[in-house]
Structures are given as structure tokens and as C-alpha cells.
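Next up, target.pdb (PDB, C-alpha atoms (C1' of nucleotides)):
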ATOM      1  CA  MET A   2     -97.735 -49.443 -44.332
ATOM      2  CA  LYS A   3     -95.437 -47.437 -42.145
ATOM      3  CA  LYS A   4     -92.102 -46.263 -43.402
ATOM      4  CA  GLU A   5     -89.513 -46.790 -40.756
ATOM      5  CA  LYS A   6     -86.557 -44.873 -42.051
ATOM      6  CA  VAL A   7     -83.318 -46.368 -40.895
ATOM      7  CA  VAL A   8     -81.461 -43.871 -38.751
ATOM      8  CA  LEU A   9     -77.912 -44.543 -37.707
ATOM      9  CA  PRO A  10     -76.456 -43.440 -34.379
ATOM     10  CA  GLU A  11     -73.878 -40.707 -34.694
ATOM     11  CA  ALA A  12     -71.042 -43.057 -33.697
ATOM     12  CA  CYS A  13     -71.860 -45.397 -36.592
ATOM     13  CA  ARG A  14     -72.037 -42.579 -39.054
ATOM     14  CA  GLN A  15     -68.646 -41.382 -37.922
ATOM     15  CA  SER A  16     -67.101 -44.819 -38.220
ATOM     16  CA  ILE A  17     -68.478 -45.294 -41.718
ATOM     17  CA  GLN A  18     -67.221 -41.872 -42.714
ATOM     18  CA  GLY A  19     -63.870 -42.764 -41.172
ATOM     19  CA  ILE A  20     -63.628 -45.871 -43.312
ATOM     20  CA  LYS A  21     -64.425 -43.818 -46.381
ATOM     21  CA  ASP A  22     -61.827 -41.177 -45.542
ATOM     22  CA  THR A  23     -59.176 -43.822 -44.960
ATOM     23  CA  GLN A  24     -60.014 -45.614 -48.179
ATOM     24  CA  ASP A  25     -59.889 -42.379 -50.157
ATOM     25  CA  LEU A  26     -56.458 -41.536 -48.808
ATOM     26  CA  LEU A  27     -55.092 -45.001 -49.518
ATOM     27  CA  SER A  28     -56.758 -45.422 -52.904
ATOM     28  CA  GLY A  29     -55.361 -47.530 -55.688
ATOM     29  CA  LYS A  30     -53.706 -50.878 -56.144
ATOM     30  CA  TRP A  31     -50.397 -50.136 -54.491
ATOM     31  CA  LYS A  32     -50.441 -47.683 -51.591
ATOM     32  CA  MET A  33     -51.288 -50.162 -48.838
ATOM     33  CA  THR A  34     -48.710 -52.603 -50.138
ATOM     34  CA  ILE A  35     -46.021 -49.934 -50.177
ATOM     35  CA  LEU A  36     -46.905 -48.873 -46.648
ATOM     36  CA  GLY A  37     -46.842 -52.514 -45.590
ATOM     37  CA  ALA A  38     -43.395 -53.039 -47.043
ATOM     38  CA  LEU A  39     -42.073 -49.959 -45.238
ATOM     39  CA  TYR A  40     -43.816 -51.033 -42.076
ATOM     40  CA  TYR A  41     -42.259 -54.492 -42.050
ATOM     41  CA  ASN A  42     -38.807 -53.500 -43.296
ATOM     42  CA  GLY A  43     -38.329 -50.049 -41.784
ATOM     43  CA  LYS A  44     -36.490 -48.445 -44.676
ATOM     44  CA  PHE A  45     -36.338 -49.095 -48.374
ATOM     45  CA  ARG A  46     -34.535 -47.587 -51.298
ATOM     46  CA  PHE A  47     -36.386 -46.994 -54.526
ATOM     47  CA  MET A  48     -34.933 -49.942 -56.389
ATOM     48  CA  ASP A  49     -35.404 -52.293 -53.464
ATOM     49  CA  LEU A  50     -39.049 -51.341 -53.195
ATOM     50  CA  SER A  51     -39.490 -51.861 -56.901
ATOM     51  CA  ARG A  52     -37.904 -55.292 -56.579
ATOM     52  CA  HIS A  53     -39.903 -56.388 -53.587
ATOM     53  CA  ILE A  54     -43.279 -55.180 -54.751
ATOM     54  CA  GLN A  55     -43.971 -57.573 -57.556
ATOM     55  CA  GLY A  56     -45.302 -56.078 -60.744
ATOM     56  CA  ILE A  57     -45.164 -52.373 -59.987
ATOM     57  CA  ALA A  58     -43.714 -50.173 -62.735
ATOM     58  CA  PRO A  59     -41.169 -47.517 -61.736
ATOM     59  CA  LYS A  60     -43.437 -44.787 -63.047
ATOM     60  CA  VAL A  61     -46.275 -45.985 -60.873
ATOM     61  CA  LEU A  62     -44.069 -46.524 -57.836
ATOM     62  CA  SER A  63     -42.708 -43.013 -58.216
ATOM     63  CA  LYS A  64     -46.181 -41.518 -58.403
ATOM     64  CA  GLU A  65     -47.500 -43.493 -55.443
ATOM     65  CA  LEU A  66     -44.520 -42.491 -53.317
ATOM     66  CA  LYS A  67     -45.145 -38.847 -54.144
ATOM     67  CA  ASP A  68     -48.791 -39.186 -53.154
ATOM     68  CA  LEU A  69     -47.887 -40.807 -49.874
ATOM     69  CA  GLU A  70     -45.240 -38.177 -49.172
ATOM     70  CA  MET A  71     -47.685 -35.369 -49.889
ATOM     71  CA  ASN A  72     -50.037 -36.871 -47.328
ATOM     72  CA  HIS A  73     -47.215 -37.032 -44.784
ATOM     73  CA  LEU A  74     -47.402 -40.804 -44.471
ATOM     74  CA  ILE A  75     -43.836 -41.435 -45.630
ATOM     75  CA  LYS A  76     -40.563 -39.516 -45.595
ATOM     76  CA  ARG A  77     -38.124 -39.311 -48.493
ATOM     77  CA  THR A  78     -34.457 -38.872 -47.729
ATOM     78  CA  VAL A  79     -31.707 -38.366 -50.287
ATOM     79  CA  LYS A  80     -28.456 -39.913 -49.124
ATOM     80  CA  ASP A  81     -25.164 -38.267 -50.078
ATOM     81  CA  THR A  82     -23.687 -41.416 -51.586
ATOM     82  CA  MET A  83     -22.228 -42.219 -54.985
ATOM     83  CA  PRO A  84     -24.397 -42.824 -56.835
ATOM     84  CA  ILE A  85     -27.087 -41.016 -54.945
ATOM     85  CA  THR A  86     -29.506 -43.265 -53.101
ATOM     86  CA  VAL A  87     -32.923 -42.362 -51.778
ATOM     87  CA  GLU A  88     -34.520 -43.844 -48.715
ATOM     88  CA  TYR A  89     -38.182 -44.060 -47.910
ATOM     89  CA  GLU A  90     -39.639 -44.718 -44.493
ATOM     90  CA  LEU A  91     -42.875 -44.259 -42.591
ATOM     91  CA  THR A  92     -43.416 -41.054 -40.673
ATOM     92  CA  PRO A  93     -44.858 -41.386 -37.157
ATOM     93  CA  TYR A  94     -48.126 -40.498 -38.801
ATOM     94  CA  GLY A  95     -47.694 -43.322 -41.296
ATOM     95  CA  LYS A  96     -46.845 -45.648 -38.439
ATOM     96  CA  SER A  97     -50.176 -44.819 -36.834
ATOM     97  CA  LEU A  98     -51.683 -46.959 -39.588
ATOM     98  CA  ASN A  99     -50.112 -50.002 -37.924
ATOM     99  CA  LYS A 100     -53.418 -51.574 -36.944
ATOM    100  CA  VAL A 101     -54.839 -51.212 -40.440
ATOM    101  CA  ILE A 102     -51.674 -52.597 -41.992
ATOM    102  CA  TYR A 103     -51.455 -55.463 -39.567
ATOM    103  CA  ALA A 104     -55.139 -56.400 -39.837
ATOM    104  CA  MET A 105     -55.007 -56.416 -43.616
ATOM    105  CA  GLY A 106     -51.862 -58.534 -43.656
ATOM    106  CA  GLU A 107     -53.313 -61.093 -41.275
ATOM    107  CA  TRP A 108     -56.646 -61.276 -43.041
ATOM    108  CA  GLY A 109     -54.954 -61.706 -46.395
ATOM    109  CA  ILE A 110     -52.846 -64.567 -45.086
ATOM    110  CA  ALA A 111     -55.921 -66.319 -43.698
ATOM    111  CA  TYR A 112     -57.799 -65.630 -46.921
ATOM    112  CA  ARG A 113     -55.093 -67.211 -49.038
ATOM    113  CA  LYS A 114     -55.046 -70.220 -46.761
ATOM    114  CA  SER A 115     -58.811 -70.684 -47.003
ATOM    115  CA  VAL A 116     -58.699 -70.439 -50.791
ATOM    116  CA  LEU A 117     -55.969 -73.059 -50.989
ATOM    117  CA  GLU A 118     -57.914 -75.380 -48.710
ATOM    118  CA  LYS A 119     -61.017 -75.120 -50.854
ATOM    119  CA  GLU A 120     -59.022 -75.821 -53.995
ATOM    120  CA  SER A 121     -57.456 -78.957 -52.551
ATOM    121  CA  LYS A 122     -60.852 -80.473 -51.780
TER
ATOM    122  CA  MET B  21     -18.739 -50.966 -53.384
ATOM    123  CA  LYS B  22     -20.611 -53.968 -52.196
ATOM    124  CA  LYS B  23     -24.175 -54.588 -53.188
ATOM    125  CA  GLU B  24     -26.148 -55.749 -50.224
ATOM    126  CA  LYS B  25     -29.368 -56.940 -51.687
ATOM    127  CA  VAL B  26     -32.222 -56.511 -49.292
ATOM    128  CA  VAL B  27     -33.722 -59.872 -48.449
ATOM    129  CA  LEU B  28     -36.951 -60.063 -46.522
ATOM    130  CA  PRO B  29     -37.778 -62.816 -44.040
ATOM    131  CA  GLU B  30     -40.520 -65.132 -45.208
ATOM    132  CA  ALA B  31     -42.975 -63.817 -42.617
ATOM    133  CA  CYS B  32     -42.626 -60.265 -43.966
ATOM    134  CA  ARG B  33     -43.086 -61.383 -47.518
ATOM    135  CA  GLN B  34     -46.255 -63.181 -46.522
ATOM    136  CA  SER B  35     -47.638 -60.187 -44.694
ATOM    137  CA  ILE B  36     -46.958 -57.880 -47.623
ATOM    138  CA  GLN B  37     -48.575 -60.365 -49.972
ATOM    139  CA  GLY B  38     -51.502 -60.594 -47.581
ATOM    140  CA  ILE B  39     -52.003 -56.840 -47.689
ATOM    141  CA  LYS B  40     -51.938 -56.945 -51.452
ATOM    142  CA  ASP B  41     -54.464 -59.785 -51.617
ATOM    143  CA  THR B  42     -56.791 -57.985 -49.241
ATOM    144  CA  GLN B  43     -56.508 -54.732 -51.132
ATOM    145  CA  ASP B  44     -57.214 -56.469 -54.443
ATOM    146  CA  LEU B  45     -60.349 -58.076 -53.078
ATOM    147  CA  LEU B  46     -61.620 -54.832 -51.604
ATOM    148  CA  SER B  47     -60.636 -52.626 -54.532
ATOM    149  CA  GLY B  48     -62.458 -49.468 -55.497
ATOM    150  CA  LYS B  49     -63.963 -46.477 -53.797
ATOM    151  CA  TRP B  50     -66.926 -48.133 -52.144
ATOM    152  CA  LYS B  51     -66.448 -51.730 -51.009
ATOM    153  CA  MET B  52     -64.942 -51.015 -47.615
ATOM    154  CA  THR B  53     -67.570 -48.385 -46.918
ATOM    155  CA  ILE B  54     -70.356 -50.791 -47.804
ATOM    156  CA  LEU B  55     -68.866 -53.476 -45.591
ATOM    157  CA  GLY B  56     -68.507 -50.932 -42.811
ATOM    158  CA  ALA B  57     -72.138 -49.924 -43.058
ATOM    159  CA  LEU B  58     -73.251 -53.552 -42.908
ATOM    160  CA  TYR B  59     -70.854 -54.187 -40.063
ATOM    161  CA  TYR B  60     -72.180 -51.333 -37.953
ATOM    162  CA  ASN B  61     -75.842 -51.714 -38.810
ATOM    163  CA  GLY B  62     -76.226 -55.457 -39.235
ATOM    164  CA  LYS B  63     -78.674 -55.412 -42.099
ATOM    165  CA  PHE B  64     -79.523 -52.956 -44.819
ATOM    166  CA  ARG B  65     -81.949 -52.822 -47.675
ATOM    167  CA  PHE B  66     -80.821 -51.525 -51.027
ATOM    168  CA  MET B  67     -82.426 -48.114 -50.750
ATOM    169  CA  ASP B  68     -81.241 -47.613 -47.184
ATOM    170  CA  LEU B  69     -77.697 -48.389 -48.203
ATOM    171  CA  SER B  70     -77.964 -45.988 -51.089
ATOM    172  CA  ARG B  71     -79.231 -43.300 -48.717
ATOM    173  CA  HIS B  72     -76.603 -43.831 -46.071
ATOM    174  CA  ILE B  73     -73.619 -44.084 -48.344
ATOM    175  CA  GLN B  74     -73.374 -40.543 -49.587
ATOM    176  CA  GLY B  75     -72.787 -40.098 -53.274
ATOM    177  CA  ILE B  76     -72.990 -43.654 -54.545
ATOM    178  CA  ALA B  77     -75.094 -44.164 -57.675
ATOM    179  CA  PRO B  78     -77.546 -47.086 -57.736
ATOM    180  CA  LYS B  79     -75.737 -48.614 -60.672
ATOM    181  CA  VAL B  80     -72.449 -48.570 -58.815
ATOM    182  CA  LEU B  81     -73.986 -49.810 -55.578
ATOM    183  CA  SER B  82     -75.605 -52.675 -57.427
ATOM    184  CA  LYS B  83     -72.338 -53.667 -59.039
ATOM    185  CA  GLU B  84     -70.340 -53.462 -55.827
ATOM    186  CA  LEU B  85     -72.900 -55.570 -53.977
ATOM    187  CA  LYS B  86     -72.656 -58.220 -56.685
ATOM    188  CA  ASP B  87     -68.878 -58.256 -56.415
ATOM    189  CA  LEU B  88     -69.029 -58.630 -52.653
ATOM    190  CA  GLU B  89     -71.631 -61.365 -52.913
ATOM    191  CA  MET B  90     -69.537 -63.263 -55.446
ATOM    192  CA  ASN B  91     -66.642 -63.175 -53.016
ATOM    193  CA  HIS B  92     -68.898 -64.516 -50.257
ATOM    194  CA  LEU B  93     -68.427 -61.454 -48.086
ATOM    195  CA  ILE B  94     -72.100 -60.503 -48.012
ATOM    196  CA  LYS B  95     -75.415 -62.321 -48.301
ATOM    197  CA  ARG B  96     -78.393 -61.132 -50.320
ATOM    198  CA  THR B  97     -81.876 -62.094 -49.173
ATOM    199  CA  VAL B  98     -85.102 -61.344 -50.993
ATOM    200  CA  LYS B  99     -87.933 -60.794 -48.548
ATOM    201  CA  ASP B 100     -91.423 -61.892 -49.497
ATOM    202  CA  THR B 101     -93.011 -58.512 -48.785
ATOM    203  CA  MET B 102     -95.097 -56.151 -50.881
ATOM    204  CA  PRO B 103     -93.337 -54.572 -52.566
ATOM    205  CA  ILE B 104     -90.409 -56.941 -52.531
ATOM    206  CA  THR B 105     -87.511 -55.836 -50.368
ATOM    207  CA  VAL B 106     -83.967 -57.099 -50.423
ATOM    208  CA  GLU B 107     -81.687 -57.339 -47.451
ATOM    209  CA  TYR B 108     -77.947 -57.375 -47.402
ATOM    210  CA  GLU B 109     -75.794 -58.526 -44.511
ATOM    211  CA  LEU B 110     -72.280 -59.726 -43.818
ATOM    212  CA  THR B 111     -71.550 -63.420 -44.000
ATOM    213  CA  PRO B 112     -69.426 -64.904 -41.182
ATOM    214  CA  TYR B 113     -66.613 -64.630 -43.677
ATOM    215  CA  GLY B 114     -67.359 -60.941 -44.195
ATOM    216  CA  LYS B 115     -67.493 -60.497 -40.438
ATOM    217  CA  SER B 116     -63.963 -61.853 -40.204
ATOM    218  CA  LEU B 117     -62.905 -58.519 -41.674
ATOM    219  CA  ASN B 118     -63.934 -56.873 -38.405
ATOM    220  CA  LYS B 119     -60.412 -55.860 -37.410
ATOM    221  CA  VAL B 120     -59.737 -54.280 -40.787
ATOM    222  CA  ILE B 121     -63.059 -52.457 -40.730
ATOM    223  CA  TYR B 122     -62.629 -51.283 -37.173
ATOM    224  CA  ALA B 123     -59.040 -50.154 -37.657
ATOM    225  CA  MET B 124     -59.910 -48.170 -40.753
ATOM    226  CA  GLY B 125     -62.866 -46.519 -39.061
ATOM    227  CA  GLU B 126     -60.833 -45.499 -36.041
ATOM    228  CA  TRP B 127     -57.929 -44.241 -38.080
ATOM    229  CA  GLY B 128     -60.224 -42.225 -40.300
ATOM    230  CA  ILE B 129     -61.857 -40.579 -37.311
ATOM    231  CA  ALA B 130     -58.464 -39.644 -35.864
ATOM    232  CA  TYR B 131     -57.309 -38.445 -39.284
ATOM    233  CA  ARG B 132     -60.302 -36.152 -39.670
ATOM    234  CA  LYS B 133     -59.712 -34.784 -36.201
ATOM    235  CA  SER B 134     -56.054 -34.043 -36.923
ATOM    236  CA  VAL B 135     -56.921 -32.282 -40.176
ATOM    237  CA  LEU B 136     -59.497 -30.101 -38.423
ATOM    238  CA  GLU B 137     -57.006 -29.198 -35.722
ATOM    239  CA  LYS B 138     -54.402 -28.120 -38.260
ATOM    240  CA  GLU B 139     -56.937 -26.001 -40.115
ATOM    241  CA  SER B 140     -57.984 -24.157 -36.980
ATOM    242  CA  LYS B 141     -54.409 -23.046 -36.237
TER
ATOM    243  C1'  DG C   2    -105.014 -40.490 -61.159
ATOM    244  C1'  DT C   3    -100.739 -39.070 -59.557
ATOM    245  C1'  DA C   4     -96.972 -39.184 -56.729
ATOM    246  C1'  DA C   5     -93.699 -41.890 -54.328
ATOM    247  C1'  DG C   6     -91.541 -46.041 -52.841
ATOM    248  C1'  DT C   7     -89.611 -50.849 -53.942
ATOM    249  C1'  DA C   8     -84.784 -52.702 -56.484
ATOM    250  C1'  DG C   9     -82.592 -52.297 -59.612
ATOM    251  C1'  DT C  10     -81.111 -51.991 -65.274
ATOM    252  C1'  DT C  11     -79.588 -49.767 -69.508
ATOM    253  C1'  DA C  12     -77.121 -46.709 -72.504
ATOM    254  C1'  DC C  13     -73.853 -43.406 -72.754
ATOM    255  C1'  DC C  14     -69.819 -40.852 -71.508
ATOM    256  C1'  DT C  15     -65.496 -39.056 -69.128
ATOM    257  C1'  DT C  16     -61.655 -39.427 -66.452
ATOM    258  C1'  DA C  17     -58.058 -41.324 -64.301
ATOM    259  C1'  DA C  18     -55.509 -45.234 -63.102
ATOM    260  C1'  DG C  19     -52.222 -47.931 -64.495
ATOM    261  C1'  DG C  20     -49.181 -50.377 -67.913
ATOM    262  C1'  DT C  21     -45.177 -50.357 -71.673
ATOM    263  C1'  DA C  22     -41.072 -49.025 -73.311
ATOM    264  C1'  DA C  23     -37.580 -45.974 -73.965
ATOM    265  C1'  DT C  24     -34.583 -42.434 -72.080
ATOM    266  C1'  DT C  25     -31.663 -39.507 -68.818
ATOM    267  C1'  DA C  26     -27.188 -38.786 -66.635
ATOM    268  C1'  DG C  27     -23.640 -39.509 -63.638
ATOM    269  C1'  DA C  28     -20.691 -43.302 -61.327
ATOM    270  C1'  DT C  29     -18.783 -47.613 -60.930
ATOM    271  C1'  DT C  30     -17.596 -52.183 -62.075
ATOM    272  C1'  DT C  31     -15.519 -55.617 -65.377
TER
ATOM    273  C1'  DA D  27     -15.203 -49.533 -73.851
ATOM    274  C1'  DA D  28     -19.303 -51.703 -72.471
ATOM    275  C1'  DA D  29     -22.375 -53.001 -69.088
ATOM    276  C1'  DT D  30     -24.656 -52.015 -64.839
ATOM    277  C1'  DC D  31     -25.956 -49.429 -61.027
ATOM    278  C1'  DT D  32     -28.533 -45.277 -59.069
ATOM    279  C1'  DA D  33     -33.621 -42.829 -59.241
ATOM    280  C1'  DA D  34     -36.378 -41.633 -61.662
ATOM    281  C1'  DT D  35     -38.961 -39.136 -66.072
ATOM    282  C1'  DT D  36     -41.305 -38.932 -70.508
ATOM    283  C1'  DA D  37     -44.450 -40.120 -74.134
ATOM    284  C1'  DC D  38     -47.837 -43.014 -75.397
ATOM    285  C1'  DC D  39     -51.678 -46.097 -74.927
ATOM    286  C1'  DT D  40     -55.544 -49.093 -73.035
ATOM    287  C1'  DT D  41     -58.814 -50.384 -69.860
ATOM    288  C1'  DA D  42     -61.838 -50.091 -66.398
ATOM    289  C1'  DA D  43     -63.864 -47.543 -62.850
ATOM    290  C1'  DG D  44     -67.182 -44.678 -61.964
ATOM    291  C1'  DG D  45     -70.686 -40.966 -62.927
ATOM    292  C1'  DT D  46     -75.331 -39.204 -65.276
ATOM    293  C1'  DA D  47     -79.726 -39.707 -66.553
ATOM    294  C1'  DA D  48     -83.451 -42.068 -67.963
ATOM    295  C1'  DC D  49     -86.320 -46.051 -67.556
ATOM    296  C1'  DT D  50     -88.758 -50.571 -65.880
ATOM    297  C1'  DA D  51     -92.490 -52.741 -63.402
ATOM    298  C1'  DC D  52     -94.982 -53.327 -59.559
ATOM    299  C1'  DT D  53     -97.477 -51.381 -55.227
ATOM    300  C1'  DT D  54     -99.369 -48.383 -52.145
ATOM    301  C1'  DA D  55    -100.465 -44.064 -50.184
ATOM    302  C1'  DC D  56    -102.820 -39.547 -51.000
TER
END

Target encoding C-alpha cells, full file:
Amino acid sequence: MKKEKVVLPEACRQSIQGIKDTQDLLSGKWKMTILGALYYNGKFRFMDLSRHIQGIAPKVLSKELKDLEMNHLIKRTVKDTMPITVEYELTPYGKSLNKVIYAMGEWGIAYRKSVLEKESK
Amino acid sequence: MKKEKVVLPEACRQSIQGIKDTQDLLSGKWKMTILGALYYNGKFRFMDLSRHIQGIAPKVLSKELKDLEMNHLIKRTVKDTMPITVEYELTPYGKSLNKVIYAMGEWGIAYRKSVLEKESK
DNA sequence: GTAAGTAGTTACCTTAAGGTAATTAGATTT
DNA sequence: AAATCTAATTACCTTAAGGTAACTACTTAC
């Protein structure tokens, strides 16, 4: 019997690699959610983020924000107020994730709806 | 000083929750990549998947495929060949992730390009 | 008969992700 | 004077994710 090895066109291979790269950069339970919050609200202070993202511990939030900042997806700004406040927002680079963020939000909403419908049957 | 608590419109809260739900369902290093491969190639047998997704161990691939099948995102079909082969493909439900998959692939490609450009400077 | 291909499974191990709870330190409110 | 706000940090712990390597059982090609 012949072995027909599956060979993918270069464009497919690139897309699959692209997905992997994106996933690696946005790894973990929280990064996409944080980016989503900043995307939909524009700016957030640390405490407001921690209040609006249900269940995240300050230690974890702090670490995720550092990761995202290191990858130039968000910008951290210390405001000269009393007491000091810190604002986080998407960089233009972070904003370029808009399609990913939007698609995930929409799919999740539809997903939740479909689960609820099944349960009510 | 006044405390102006940030309050998000319901639509934002839903979108953020949607992102979180989606992320939770597609957690881990490999699920999105597997879905991407099936999206771009249509069907894949176990060994072909394991060859095309660089670095994934058979144990891990097997587990991820089970997870995805349990969540009705992919379909597993045993073919009556000698030796037996098994095919994996997206369900219609899995295909509804197309925008997420596509957006992540495109962003990843652009990301890789921008990294290469910076390095060459 | 031996190598290689099919689709996994099993046992074992390591690392990192993430959670808990307490603490810091200055400023402001009550 | 005590509580609460700001943005975190620190120490400690647990779990799960993921990797390694070997193995199964069957078939076919060489």
C-alpha cells in the first residue's frame, strides 16, 4: 500500500505556526481577559482591573501585567496623584489584537447561549 | 477626594466574560494549534497531526484530542482500513471558531514579521 | 525475520502556573 | 486613632500541565 504523506501548502503551515506563536504569547488563564478588559474600557487602574476580572489574585494580576508590558502589548503609566495611581492601557500593538479579542468575545457569548439552551431542554 | 467606581456597561461585561469562557475552553499550549491544523487541512489522521504539530508528544496529543472531542469541537472517526486509521475533523461547532482561528493565525504571522524586522535593524 | 507504520497507553518525573494569606507604606477619610 | 484607600510584594503551598521514554498489538513492506 502506498504511503501518501500529507504535505501542507506553505500558507497553511504559516497560519498554523501563527496560531501557535499567538497562543504562546497569550498563554495562561488571564492574559486574554485582561487585554479584553483594556480593549473594551480603554484604561484601567490596578484595583479596578482586579475588581472587574473576577477571581484573579493581585499577585497573579501583577505578574500578568508585567508579562504583557514586557511584550509591548500594554503600557503602564504612574499618575502623580495622592495616593499614587497606576493606569494600564493597550499599546497600538496591543490594539492590533482587536480581531482576536473581538472574535473570542463573540464566540464566548454564543457558546454560553448555546449551553444555556441545551440545559433548558 | 471622590471615589468614582468604574462601572462597565453590560455589553462590555458580557464580552469580557465571553473571552474568558473561550480561553477556558481552549486552554493549554496545543488546542488552538490543533484546531488550526484541522481548520486548514480539513482532516487529519493521528500520526499526521503528530508530524505536523512540531514538538507535541503522542500522549499529549491524545489527551488534547479527547478534550476537544468531549467539548464537541472535533469528531473522531475510525476507518475500517488495515491497519486501522483514525481521522479527526472539526465539527460544525468547531468550525464556528473560524474567526478566532483566522484572526490568531493572521496576527501571529504579522507578529513574526515584526520581530524579524526588529532583529535585522 | 526484521524494520517500520498504524494509534495510541502507561509509568514516571519536573516545572511552572496559579492560589492563599499576610504584609508594606504612605495618604486620606471618618 | 482606626479604618480604608493606593499598588503592589513576599512567602508558602498545591495542582495540573506537560515532557520522556518505553511499550502494546496488529499489519505490511523489504

Show me, as a PyMOL selection string, the residues that have an atom within 10 Å of segment 107-110 of chain B when counting all atoms listed in the file, minus same-chain residues fewer than 6 positions from it. chain B and resi 54-59+61-69+85+88-89+92-99+116-117

Practice prompt. Go ahead and compute the interatomic distance for atom CA of Ala130 of chain B and atom CA of Ser63 of chain A, in Å to one decimal.
Written response: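 Answer for the atom CA of Ala130 of chain B to atom CA of Ser63 of chain A separation: 27.6 Å.
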
Point to revise | chain A residues near chain B (9 Å cut-off, all atoms listed in the file) as a ChimeraX atom specification | key: /A:6-9,13-25,28-31,33-35,37-38,41-42,45,49,53-54,97-113

task: Apply the PyMOL selection byres ((chain A) within 10 of (chain C)) to the displayed file and report the matching residues as a list in words.
output: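 Answer for the PyMOL selection byres ((chain A) within 10 of (chain C)): Lys4, Gly29, Lys30, Gly56, Ile57, Ala58, Lys60, Val61, Met83, Pro84 and Ile85 of chain A.
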
Worksheet entry | Å distance separating atom C1' of DA43 of chain D from atom CA of Val135 of chain B, one decimal place |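 One can read the atom C1' of DA43 of chain D to atom CA of Val135 of chain B distance as 28.2 Å.
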
Evaluate the PyMOL selection byres ((chain D) within 9 of (chain A)) and record the selected residues as an MDAnalysis selection string, following the chain and residue labels used in the document. chainID D and resid 31:35 54:55

Taking all listed atoms of segment 71-76 of chain A, build the axis-aligned box, pad each of the six sides by 5 Å, then write its centre and edge lengths in Å to one decimal as JSON.
{"center_x": -45.3, "center_y": -38.4, "center_z": -47.2, "size_x": 19.5, "size_y": 16.1, "size_z": 15.4}

Pairwise distance, atom C1' of DT30 of chain D with atom CA of Glu30 of chain B, equals 28.4 Å
